[in-house]
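Enquirer: Here you go, target11.pdb (PDB, C-alpha atoms, pLDDT in the B column):
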```
ATOM      1  CA  GLN A1325      47.213 -56.057 203.903  1.00 71.00           C
ATOM      2  CA  VAL A1326      46.930 -53.193 206.342  1.00 71.00           C
ATOM      3  CA  GLN A1327      44.866 -50.327 205.068  1.00 88.00           C
ATOM      4  CA  LEU A1328      44.342 -46.824 206.287  1.00 95.00           C
ATOM      5  CA  VAL A1329      41.828 -44.791 204.329  1.00 96.00           C
ATOM      6  CA  GLU A1330      41.530 -41.029 204.529  1.00 97.00           C
ATOM      7  CA  SER A1331      38.468 -39.023 203.623  1.00 97.00           C
ATOM      8  CA  GLY A1332      36.943 -35.610 204.125  1.00 97.00           C
ATOM      9  CA  GLY A1333      39.263 -33.317 202.239  1.00 94.00           C
ATOM     10  CA  GLY A1334      38.010 -30.488 200.084  1.00 97.00           C
ATOM     11  CA  LEU A1335      38.081 -26.789 199.346  1.00 97.00           C
ATOM     12  CA  VAL A1336      37.527 -24.223 202.083  1.00 98.00           C
ATOM     13  CA  GLN A1337      38.088 -20.502 202.431  1.00 98.00           C
ATOM     14  CA  THR A1338      40.696 -18.938 204.679  1.00 98.00           C
ATOM     15  CA  GLY A1339      39.471 -19.008 208.258  1.00 98.00           C
ATOM     16  CA  GLY A1340      37.152 -21.929 207.588  1.00 98.00           C
ATOM     17  CA  SER A1341      37.018 -25.388 209.103  1.00 98.00           C
ATOM     18  CA  LEU A1342      37.293 -28.905 207.800  1.00 98.00           C
ATOM     19  CA  ARG A1343      37.527 -32.386 209.272  1.00 98.00           C
ATOM     20  CA  VAL A1344      39.464 -35.226 207.726  1.00 98.00           C
ATOM     21  CA  SER A1345      39.104 -38.837 208.782  1.00 98.00           C
ATOM     22  CA  CYS A1346      41.315 -41.903 208.810  1.00 97.00           C
ATOM     23  CA  ALA A1347      39.689 -45.329 209.037  1.00 96.00           C
ATOM     24  CA  THR A1348      41.443 -48.616 209.617  1.00 95.00           C
ATOM     25  CA  SER A1349      40.901 -52.085 210.997  1.00 93.00           C
ATOM     26  CA  ALA A1350      40.056 -52.722 214.611  1.00 91.00           C
ATOM     27  CA  VAL A1351      43.319 -54.578 215.202  1.00 90.00           C
ATOM     28  CA  ILE A1352      45.472 -51.754 213.904  1.00 89.00           C
ATOM     29  CA  PHE A1353      43.427 -49.137 215.651  1.00 89.00           C
ATOM     30  CA  ARG A1354      43.756 -50.726 219.072  1.00 89.00           C
ATOM     31  CA  ILE A1355      47.442 -51.588 218.936  1.00 91.00           C
ATOM     32  CA  TYR A1356      49.221 -48.752 217.206  1.00 93.00           C
ATOM     33  CA  SER A1357      49.639 -45.048 217.603  1.00 94.00           C
ATOM     34  CA  LEU A1358      48.515 -43.136 214.528  1.00 96.00           C
ATOM     35  CA  GLY A1359      49.793 -40.002 212.910  1.00 97.00           C
ATOM     36  CA  TRP A1360      48.781 -37.288 210.462  1.00 98.00           C
ATOM     37  CA  PHE A1361      51.201 -35.856 207.952  1.00 98.00           C
ATOM     38  CA  ARG A1362      50.789 -33.496 205.031  1.00 98.00           C
ATOM     39  CA  GLN A1363      52.685 -32.769 201.869  1.00 98.00           C
ATOM     40  CA  ALA A1364      52.335 -29.721 199.658  1.00 97.00           C
ATOM     41  CA  PRO A1365      53.637 -29.641 196.075  1.00 94.00           C
ATOM     42  CA  GLY A1366      57.390 -29.213 195.997  1.00 95.00           C
ATOM     43  CA  LYS A1367      57.730 -29.624 199.746  1.00 97.00           C
ATOM     44  CA  GLU A1368      58.735 -32.460 202.021  1.00 97.00           C
ATOM     45  CA  ARG A1369      56.219 -34.433 204.000  1.00 97.00           C
ATOM     46  CA  GLU A1370      55.480 -32.632 207.254  1.00 98.00           C
ATOM     47  CA  PHE A1371      54.355 -34.001 210.605  1.00 98.00           C
ATOM     48  CA  ILE A1372      51.040 -32.569 211.789  1.00 98.00           C
ATOM     49  CA  SER A1373      49.818 -34.621 214.714  1.00 98.00           C
ATOM     50  CA  ALA A1374      49.905 -38.018 216.373  1.00 97.00           C
ATOM     51  CA  ILE A1375      47.780 -39.749 218.950  1.00 96.00           C
ATOM     52  CA  THR A1376      48.869 -42.704 221.045  1.00 94.00           C
ATOM     53  CA  TRP A1377      47.178 -46.086 220.837  1.00 91.00           C
ATOM     54  CA  ASP A1378      45.650 -45.642 224.306  1.00 90.00           C
ATOM     55  CA  ASN A1379      44.300 -42.191 223.433  1.00 90.00           C
ATOM     56  CA  ARG A1380      46.199 -40.696 226.345  1.00 93.00           C
ATOM     57  CA  THR A1381      48.578 -38.369 224.557  1.00 95.00           C
ATOM     58  CA  THR A1382      48.272 -36.184 221.499  1.00 97.00           C
ATOM     59  CA  TYR A1383      51.121 -34.398 219.784  1.00 97.00           C
ATOM     60  CA  TYR A1384      50.964 -31.417 217.450  1.00 98.00           C
ATOM     61  CA  ALA A1385      53.332 -29.532 215.217  1.00 98.00           C
ATOM     62  CA  ASP A1386      53.808 -25.932 216.274  1.00 97.00           C
ATOM     63  CA  SER A1387      52.331 -24.768 212.975  1.00 97.00           C
ATOM     64  CA  VAL A1388      48.924 -26.239 213.802  1.00 98.00           C
ATOM     65  CA  LYS A1389      48.828 -26.156 217.593  1.00 98.00           C
ATOM     66  CA  GLY A1390      45.698 -24.435 218.820  1.00 97.00           C
ATOM     67  CA  ARG A1391      43.974 -24.754 215.434  1.00 98.00           C
ATOM     68  CA  PHE A1392      43.897 -28.506 214.816  1.00 98.00           C
ATOM     69  CA  THR A1393      42.481 -31.206 217.101  1.00 98.00           C
ATOM     70  CA  ASN A1394      43.315 -34.874 216.713  1.00 98.00           C
ATOM     71  CA  SER A1395      40.974 -37.479 218.160  1.00 96.00           C
ATOM     72  CA  ARG A1396      40.105 -41.154 217.980  1.00 95.00           C
ATOM     73  CA  ASP A1397      36.742 -42.913 217.956  1.00 93.00           C
ATOM     74  CA  ASN A1398      37.107 -46.476 219.219  1.00 87.00           C
ATOM     75  CA  ALA A1399      33.627 -47.455 218.088  1.00 92.00           C
ATOM     76  CA  LYS A1400      34.402 -46.518 214.493  1.00 95.00           C
ATOM     77  CA  ASN A1401      38.096 -47.473 214.403  1.00 95.00           C
ATOM     78  CA  SER A1402      38.755 -44.013 213.095  1.00 96.00           C
ATOM     79  CA  MET A1403      40.983 -41.051 213.763  1.00 97.00           C
ATOM     80  CA  TYR A1404      39.883 -37.509 213.019  1.00 98.00           C
ATOM     81  CA  LEU A1405      41.700 -34.254 212.421  1.00 98.00           C
ATOM     82  CA  GLN A1406      39.455 -31.263 213.060  1.00 98.00           C
ATOM     83  CA  MET A1407      41.010 -28.218 211.427  1.00 98.00           C
ATOM     84  CA  LYS A1408      39.930 -24.676 212.263  1.00 98.00           C
ATOM     85  CA  ASN A1409      41.062 -21.229 211.219  1.00 98.00           C
ATOM     86  CA  LEU A1410      42.577 -22.705 208.089  1.00 98.00           C
ATOM     87  CA  LYS A1411      45.207 -20.793 206.157  1.00 98.00           C
ATOM     88  CA  PRO A1412      46.349 -21.077 202.531  1.00 97.00           C
ATOM     89  CA  GLU A1413      49.607 -22.593 203.749  1.00 97.00           C
ATOM     90  CA  ASP A1414      47.600 -25.518 205.171  1.00 98.00           C
ATOM     91  CA  SER A1415      46.818 -26.627 201.622  1.00 98.00           C
ATOM     92  CA  ALA A1416      48.318 -30.070 201.062  1.00 98.00           C
ATOM     93  CA  VAL A1417      47.590 -33.756 200.749  1.00 98.00           C
ATOM     94  CA  TYR A1418      46.849 -35.039 204.234  1.00 98.00           C
ATOM     95  CA  SER A1419      47.805 -38.640 204.961  1.00 98.00           C
ATOM     96  CA  CYS A1420      47.544 -40.896 207.953  1.00 98.00           C
ATOM     97  CA  ALA A1421      49.816 -43.753 208.921  1.00 97.00           C
ATOM     98  CA  ARG A1422      50.409 -46.110 211.795  1.00 95.00           C
ATOM     99  CA  ARG A1423      53.521 -45.976 213.920  1.00 95.00           C
ATOM    100  CA  ARG A1424      55.719 -49.028 213.563  1.00 93.00           C
ATOM    101  CA  GLY A1425      55.930 -49.596 217.307  1.00 86.00           C
ATOM    102  CA  PRO A1426      56.039 -47.882 220.688  1.00 81.00           C
ATOM    103  CA  TYR A1427      59.700 -46.946 220.360  1.00 80.00           C
ATOM    104  CA  GLY A1428      61.422 -45.102 217.590  1.00 80.00           C
ATOM    105  CA  ARG A1429      63.441 -42.018 216.851  1.00 83.00           C
ATOM    106  CA  SER A1430      60.538 -39.640 217.288  1.00 91.00           C
ATOM    107  CA  ILE A1431      56.763 -39.675 217.088  1.00 93.00           C
ATOM    108  CA  SER A1432      57.056 -36.866 214.538  1.00 96.00           C
ATOM    109  CA  ASP A1433      59.503 -38.755 212.303  1.00 96.00           C
ATOM    110  CA  GLN A1434      57.802 -40.032 209.160  1.00 96.00           C
ATOM    111  CA  PHE A1435      60.229 -42.945 208.988  1.00 95.00           C
ATOM    112  CA  ASP A1436      58.761 -44.265 212.240  1.00 96.00           C
ATOM    113  CA  TYR A1437      55.492 -44.812 210.363  1.00 96.00           C
ATOM    114  CA  THR A1438      54.235 -47.327 207.851  1.00 94.00           C
ATOM    115  CA  ASP A1439      51.074 -48.363 206.005  1.00 94.00           C
ATOM    116  CA  TRP A1440      50.370 -44.922 204.612  1.00 95.00           C
ATOM    117  CA  GLY A1441      46.929 -44.113 203.301  1.00 94.00           C
ATOM    118  CA  GLN A1442      46.414 -42.668 199.843  1.00 95.00           C
ATOM    119  CA  GLY A1443      45.822 -39.186 201.236  1.00 97.00           C
ATOM    120  CA  THR A1444      43.076 -36.620 200.921  1.00 98.00           C
ATOM    121  CA  GLN A1445      43.500 -33.195 199.343  1.00 98.00           C
ATOM    122  CA  VAL A1446      42.828 -30.062 201.384  1.00 98.00           C
ATOM    123  CA  ASN A1447      42.790 -26.734 199.579  1.00 98.00           C
ATOM    124  CA  VAL A1448      42.416 -23.426 201.385  1.00 98.00           C
ATOM    125  CA  SER A1449      41.614 -20.452 199.199  1.00 97.00           C
ATOM    126  CA  SER A1450      42.744 -16.942 200.097  1.00 91.00           C
TER     127      SER A1450
END
```
Is it possible to give me this structure as structure tokens?
Expert:
Amino acid sequence: QVQLVESGGGLVQTGGSLRVSCATSAVIFRIYSLGWFRQAPGKEREFISAITWDNRTTYYADSVKGRFTNSRDNAKNSMYLQMKNLKPEDSAVYSCARRRGPYGRSISDQFDYTDWGQGTQVNVSS
């Protein structure tokens, strides 16, 4: 069974920084593009960022562009989301998932992804 495991969430003040991680198997890591999504209470799941399997291209939602950095570490089979200048509206459960394949409707479409992790909670206090 494919597993993606997030870690690194927590509580931070407005303007602070936090890094969340997503670990998976070597096979999954080397074949598939990976994405970050978040979901706040009462809201729909929202695309945050994605990075292609070859580490060549990274995509960001406009709401986080310039503040969040997505990266991959091949040696650790892990993807990281470095978050800076955090705002209260960034509070949510952050989840990672693998893209089903190289082609789909959109790299930001949650239905193009599968094998979701359990998520990690990020809370930003005002």
Enquirer: Show me, as JSON lines, the residues of range 1331-1353 of chain A having an atom within 7 Å of range 1395-1417 of chain A, each with the closest atom pair and its distance in Å, using all atoms listed in the file.
Expert:
```
{"residue": "A:Thr1338", "atom": "CA", "partner": "A:Lys1411", "partner_atom": "CA", "distance": 5.1}
{"residue": "A:Gly1339", "atom": "CA", "partner": "A:Asn1409", "partner_atom": "CA", "distance": 4.0}
{"residue": "A:Gly1340", "atom": "CA", "partner": "A:Asn1409", "partner_atom": "CA", "distance": 5.4}
{"residue": "A:Ser1341", "atom": "CA", "partner": "A:Lys1408", "partner_atom": "CA", "distance": 4.4}
{"residue": "A:Leu1342", "atom": "CA", "partner": "A:Met1407", "partner_atom": "CA", "distance": 5.2}
{"residue": "A:Arg1343", "atom": "CA", "partner": "A:Gln1406", "partner_atom": "CA", "distance": 4.4}
{"residue": "A:Val1344", "atom": "CA", "partner": "A:Leu1405", "partner_atom": "CA", "distance": 5.3}
{"residue": "A:Ser1345", "atom": "CA", "partner": "A:Tyr1404", "partner_atom": "CA", "distance": 4.5}
{"residue": "A:Cys1346", "atom": "CA", "partner": "A:Met1403", "partner_atom": "CA", "distance": 5.0}
{"residue": "A:Ala1347", "atom": "CA", "partner": "A:Ser1402", "partner_atom": "CA", "distance": 4.4}
{"residue": "A:Thr1348", "atom": "CA", "partner": "A:Asn1401", "partner_atom": "CA", "distance": 6.0}
{"residue": "A:Ser1349", "atom": "CA", "partner": "A:Asn1401", "partner_atom": "CA", "distance": 6.4}
{"residue": "A:Ala1350", "atom": "CA", "partner": "A:Asn1401", "partner_atom": "CA", "distance": 5.6}
{"residue": "A:Phe1353", "atom": "CA", "partner": "A:Asn1401", "partner_atom": "CA", "distance": 5.7}
```
Enquirer: Output C-alpha atoms for every residue in the selection just made, as a PDB file, keeping the file's coordinate frame.
Expert:
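Final file, result29.pdb:
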```pdb
ATOM      1  CA  THR A1338      40.696 -18.938 204.679  1.00 98.00           C
ATOM      2  CA  GLY A1339      39.471 -19.008 208.258  1.00 98.00           C
ATOM      3  CA  GLY A1340      37.152 -21.929 207.588  1.00 98.00           C
ATOM      4  CA  SER A1341      37.018 -25.388 209.103  1.00 98.00           C
ATOM      5  CA  LEU A1342      37.293 -28.905 207.800  1.00 98.00           C
ATOM      6  CA  ARG A1343      37.527 -32.386 209.272  1.00 98.00           C
ATOM      7  CA  VAL A1344      39.464 -35.226 207.726  1.00 98.00           C
ATOM      8  CA  SER A1345      39.104 -38.837 208.782  1.00 98.00           C
ATOM      9  CA  CYS A1346      41.315 -41.903 208.810  1.00 97.00           C
ATOM     10  CA  ALA A1347      39.689 -45.329 209.037  1.00 96.00           C
ATOM     11  CA  THR A1348      41.443 -48.616 209.617  1.00 95.00           C
ATOM     12  CA  SER A1349      40.901 -52.085 210.997  1.00 93.00           C
ATOM     13  CA  ALA A1350      40.056 -52.722 214.611  1.00 91.00           C
ATOM     14  CA  PHE A1353      43.427 -49.137 215.651  1.00 89.00           C
TER      15      PHE A1353
END
```
Enquirer: Could you write out as an NGL selection string the residues that the PyMOL selection byres ((chain A and resi 1364-1367) around 12) matches in the shown file?
Expert: :A and (1361-1363 or 1368-1371 or 1412-1419 or 1443-1448)
Enquirer: Give me, please, the distance in Å between CA of Ala1374 in chain A and CA of Ser1450 in chain A, quoted to one decimal.
Expert: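 If I compute the distance from CA of Ala1374 in chain A to CA of Ser1450 in chain A, I get 27.6 Å.
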Enquirer: Applied to this file, what does the PyMOL selection byres ((chain A and resi 1427) around 12) return in terms of residues, put as a list in words?
Expert: Tyr1356, Ser1357, Thr1376, Arg1423, Arg1424, Gly1425, Pro1426, Gly1428, Arg1429, Ser1430, Ile1431, Ser1432, Asp1433, Asp1436 and Tyr1437 of chain A
Enquirer: Selected by the PyMOL selection byres ((chain A and resi 1327) around 7) in the shown coordinates: which residues, as a short mmCIF file (atom, residue, chain, number, x, y, z; two decimals) with C-alpha atoms, in the frame of the given file?
Expert:
```cif
data_model
loop_
_atom_site.label_atom_id
_atom_site.label_comp_id
_atom_site.auth_asym_id
_atom_site.auth_seq_id
_atom_site.Cartn_x
_atom_site.Cartn_y
_atom_site.Cartn_z
CA GLN A 1325 47.21 -56.06 203.90
CA VAL A 1326 46.93 -53.19 206.34
CA LEU A 1328 44.34 -46.82 206.29
CA VAL A 1329 41.83 -44.79 204.33
CA THR A 1348 41.44 -48.62 209.62
CA ASP A 1439 51.07 -48.36 206.00
CA GLY A 1441 46.93 -44.11 203.30
#
```
Enquirer: Hey, can you check how far CA of Trp1377 in chain A sits from CA of Gly1334 in chain A?
Expert: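 We find that CA of Trp1377 in chain A and CA of Gly1334 in chain A lie 27.5 Å from each other.
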Enquirer: For CA of Gly1332 in chain A and CA of Leu1358 in chain A, determine how far apart the two atoms are, in Å to one decimal place.
Expert: 17.3 Å
Enquirer: Find the axis-aligned box for range 1423-1430 of chain A, covering all its listed atoms and adding 6 Å on each side, and write its centre and edge lengths in Å to one decimal as AutoDock Vina command-line options.
Expert:
```
--center_x 58.5 --center_y -44.6 --center_z 217.1 --size_x 21.9 --size_y 22.0 --size_z 19.1
```
